[in-house]
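Shown next, in C-alpha cells, is the structure this report addresses.
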Amino acid sequence: MNDKPIESERAPEPVGAYPHARKAGGLLFLSGVGPRSRGSKTIPGVTLDSDGKMIDYDIEAQCRACFENVRAVIEDAGSSWGDIVDVLAFLTDMPRDFATYNRVYAEYFAGDGNPNPSRTTIEISSLPQGGDAPIAVELKVVAIARN
C-alpha cells in the first residue's frame, strides 16, 4: 500500500501538525481545508473593525477560496478535480450561509464535465481561527489517488 503524506506548495500552510493530505489504499484524504491563501493570515471576505475584530464575512468569497485550495492540494498530489468522490462541508451558520454555499458548490460540481461526489454539509459551533478571523466554512474531501 502506498501510504504517504502530501504537502502542497500552493495551498495555505496547515494551522497544526498535519499534512495537507494523505494517500492510502488508492485514495487521497484531504485534511480540513479552509479559505486562507498561502503565506497569508487574511481570511477572504472578512471585514474587520479598527480594533481588528471581525464584524462581518462574505461566505461566497470563503467558499470559492476553499474550493480553489482543495483544487491546489488535489492537483499537487497528482490527482484532478474530477477525481473527487466525497465532500464533507462544515458551516458555522447554516441558516445564513447554506443557500450561498449550495449555489457556489453547484458551480464547481454540477453539470457536464464536473464530478458529482457524495456530499454532507453540517453546521458546527465554530472553526479554527487560523488567520485574522474565525473561518465560516471548511471542507474535508476524499479523492481517487492517481500517483
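Within each chain, counting starts at residue 1; across the C-alpha cells, chains are named A, B, ... in the order shown, with ligands numbered 1 upward in that order.
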Near-A:Arg103 list (12 Å; only C-alpha atoms; drop same-chain fewer than 6 positions) as a VMD selection string: chain A and resid 59 to 60 63 to 64 97 109 to 110
For the strand (DSSP E or B) assignment from backbone DSSP, which residues of stretch 24-123 of chain A qualify? Please present them as a ChimeraX atom specification. /A:24,27-30,33,46-48,54-57,84-91,118-123
Please produce an output containing N, CA and C atoms for each residue in the selection, written as a short mmCIF file (atom, residue, chain, number, x, y, z; two decimals), in the first residue's frame.
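Saved result, result.cif, follows:
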data_model
loop_
_atom_site.label_atom_id
_atom_site.label_comp_id
_atom_site.auth_asym_id
_atom_site.auth_seq_id
_atom_site.Cartn_x
_atom_site.Cartn_y
_atom_site.Cartn_z
N ALA A 24 -3.63 6.81 0.78
CA ALA A 24 -3.70 5.48 1.40
C ALA A 24 -4.72 4.64 0.64
N LEU A 27 -6.70 6.00 -2.30
CA LEU A 27 -7.49 7.21 -2.09
C LEU A 27 -6.62 8.33 -1.55
N LEU A 28 -7.09 9.54 -1.74
CA LEU A 28 -6.44 10.74 -1.24
C LEU A 28 -7.38 11.37 -0.23
N PHE A 29 -6.95 11.47 1.02
CA PHE A 29 -7.76 12.03 2.10
C PHE A 29 -7.21 13.40 2.45
N LEU A 30 -7.98 14.45 2.17
CA LEU A 30 -7.53 15.80 2.48
C LEU A 30 -7.87 16.14 3.93
N VAL A 33 -9.78 21.81 4.85
CA VAL A 33 -9.25 22.89 4.00
C VAL A 33 -10.10 24.13 4.21
N VAL A 46 -13.53 38.81 4.77
CA VAL A 46 -13.75 39.23 6.16
C VAL A 46 -13.63 40.74 6.27
N THR A 47 -14.55 41.35 6.98
CA THR A 47 -14.50 42.78 7.28
C THR A 47 -14.14 42.93 8.76
N LEU A 48 -13.06 43.67 9.02
CA LEU A 48 -12.60 43.89 10.39
C LEU A 48 -12.87 45.33 10.81
N MET A 54 -13.55 40.92 13.83
CA MET A 54 -14.43 40.68 12.69
C MET A 54 -15.82 41.27 12.95
N ILE A 55 -16.33 41.99 11.95
CA ILE A 55 -17.70 42.50 12.06
C ILE A 55 -18.63 41.84 11.04
N ASP A 56 -18.05 41.25 9.99
CA ASP A 56 -18.87 40.54 9.01
C ASP A 56 -17.95 39.70 8.12
N TYR A 57 -18.57 38.80 7.35
CA TYR A 57 -17.82 37.98 6.40
C TYR A 57 -18.68 37.70 5.19
N ILE A 84 -12.56 13.74 -7.34
CA ILE A 84 -13.21 13.91 -6.03
C ILE A 84 -14.41 12.97 -5.94
N VAL A 85 -14.49 12.21 -4.84
CA VAL A 85 -15.59 11.27 -4.65
C VAL A 85 -16.47 11.61 -3.46
N ASP A 86 -15.98 12.43 -2.52
CA ASP A 86 -16.77 12.76 -1.34
C ASP A 86 -16.37 14.13 -0.80
N VAL A 87 -17.36 14.93 -0.40
CA VAL A 87 -17.11 16.24 0.19
C VAL A 87 -17.92 16.34 1.48
N LEU A 88 -17.22 16.69 2.56
CA LEU A 88 -17.86 16.98 3.84
C LEU A 88 -17.61 18.45 4.12
N ALA A 89 -18.68 19.23 4.23
CA ALA A 89 -18.56 20.67 4.46
C ALA A 89 -19.03 21.00 5.87
N PHE A 90 -18.29 21.89 6.50
CA PHE A 90 -18.63 22.40 7.82
C PHE A 90 -18.97 23.88 7.67
N LEU A 91 -20.16 24.28 8.10
CA LEU A 91 -20.57 25.68 8.10
C LEU A 91 -20.85 26.11 9.54
N SER A 118 -20.40 12.37 -3.59
CA SER A 118 -21.33 12.36 -2.47
C SER A 118 -20.99 13.57 -1.60
N ARG A 119 -21.97 14.01 -0.81
CA ARG A 119 -21.76 15.25 -0.07
C ARG A 119 -22.55 15.24 1.23
N THR A 120 -21.94 15.78 2.26
CA THR A 120 -22.60 16.02 3.53
C THR A 120 -22.24 17.43 3.97
N THR A 121 -23.22 18.17 4.45
CA THR A 121 -22.98 19.52 4.96
C THR A 121 -23.55 19.59 6.36
N ILE A 122 -22.71 19.99 7.32
CA ILE A 122 -23.18 20.08 8.70
C ILE A 122 -22.84 21.44 9.29
N GLU A 123 -23.64 21.83 10.26
CA GLU A 123 -23.36 23.07 10.99
C GLU A 123 -22.63 22.71 12.27
#
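In this structure, atom CA of A:Arg146 sits 28.2 Å away from atom CA of A:Tyr101.
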Wanna dump the stretch 20-94 of chain A-stretch 2-14 of chain A contacts at 6 Å for me, each residue with its shortest atom pair and the distance in Å to one decimal, counting only C-alpha atoms, ordered by chain and number, as CSV?
residue,atom,partner,partner_atom,distance
A:His20,CA,A:Glu7,CA,5.3
A:Ala21,CA,A:Ile6,CA,5.0
A:Arg22,CA,A:Pro5,CA,4.3
A:Lys23,CA,A:Asp3,CA,5.2
A:Ala24,CA,A:Asp3,CA,4.5
A:Arg36,CA,A:Pro12,CA,5.9
A:Ser37,CA,A:Pro12,CA,5.2
A:Arg38,CA,A:Pro12,CA,3.7
A:Asn69,CA,A:Ala11,CA,5.3
A:Ala72,CA,A:Ala11,CA,5.8
A:Val73,CA,A:Ser8,CA,5.4
A:Asp76,CA,A:Ser8,CA,5.6
Min atom-atom distance to A:Val142 from the set A:Gly34, A:Gly82, A:Gly111, A:Gly52, counting only C-alpha atoms, belongs to A:Gly82
Which residue out of A:Thr92, A:Pro134, A:Val141, A:Ser79 has the minimum interatomic distance to A:Pro44 when only C-alpha atoms are used? A:Pro134
In Å, how far is it from atom CA of A:Glu138 to atom CA of A:Ser126?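 Pair atom CA of A:Glu138 / atom CA of A:Ser126 returns 10.3 Å.
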Just list the residues in stretch 70-104 of chain A DSSP gives helix (DSSP H, G or I) on the backbone, as a ChimeraX atom specification. /A:70-76,81-83,94-104
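Picture a line from atom CA of A:Ala145 to atom CA of A:Leu127; it runs 27.3 Å.
Minimum atom-to-atom distances from A:Asp58, A:Gly45, A:Ala65, A:Gln129 to A:Tyr108 were compared using only C-alpha atoms, and the lowest value belongs to A:Ala65.
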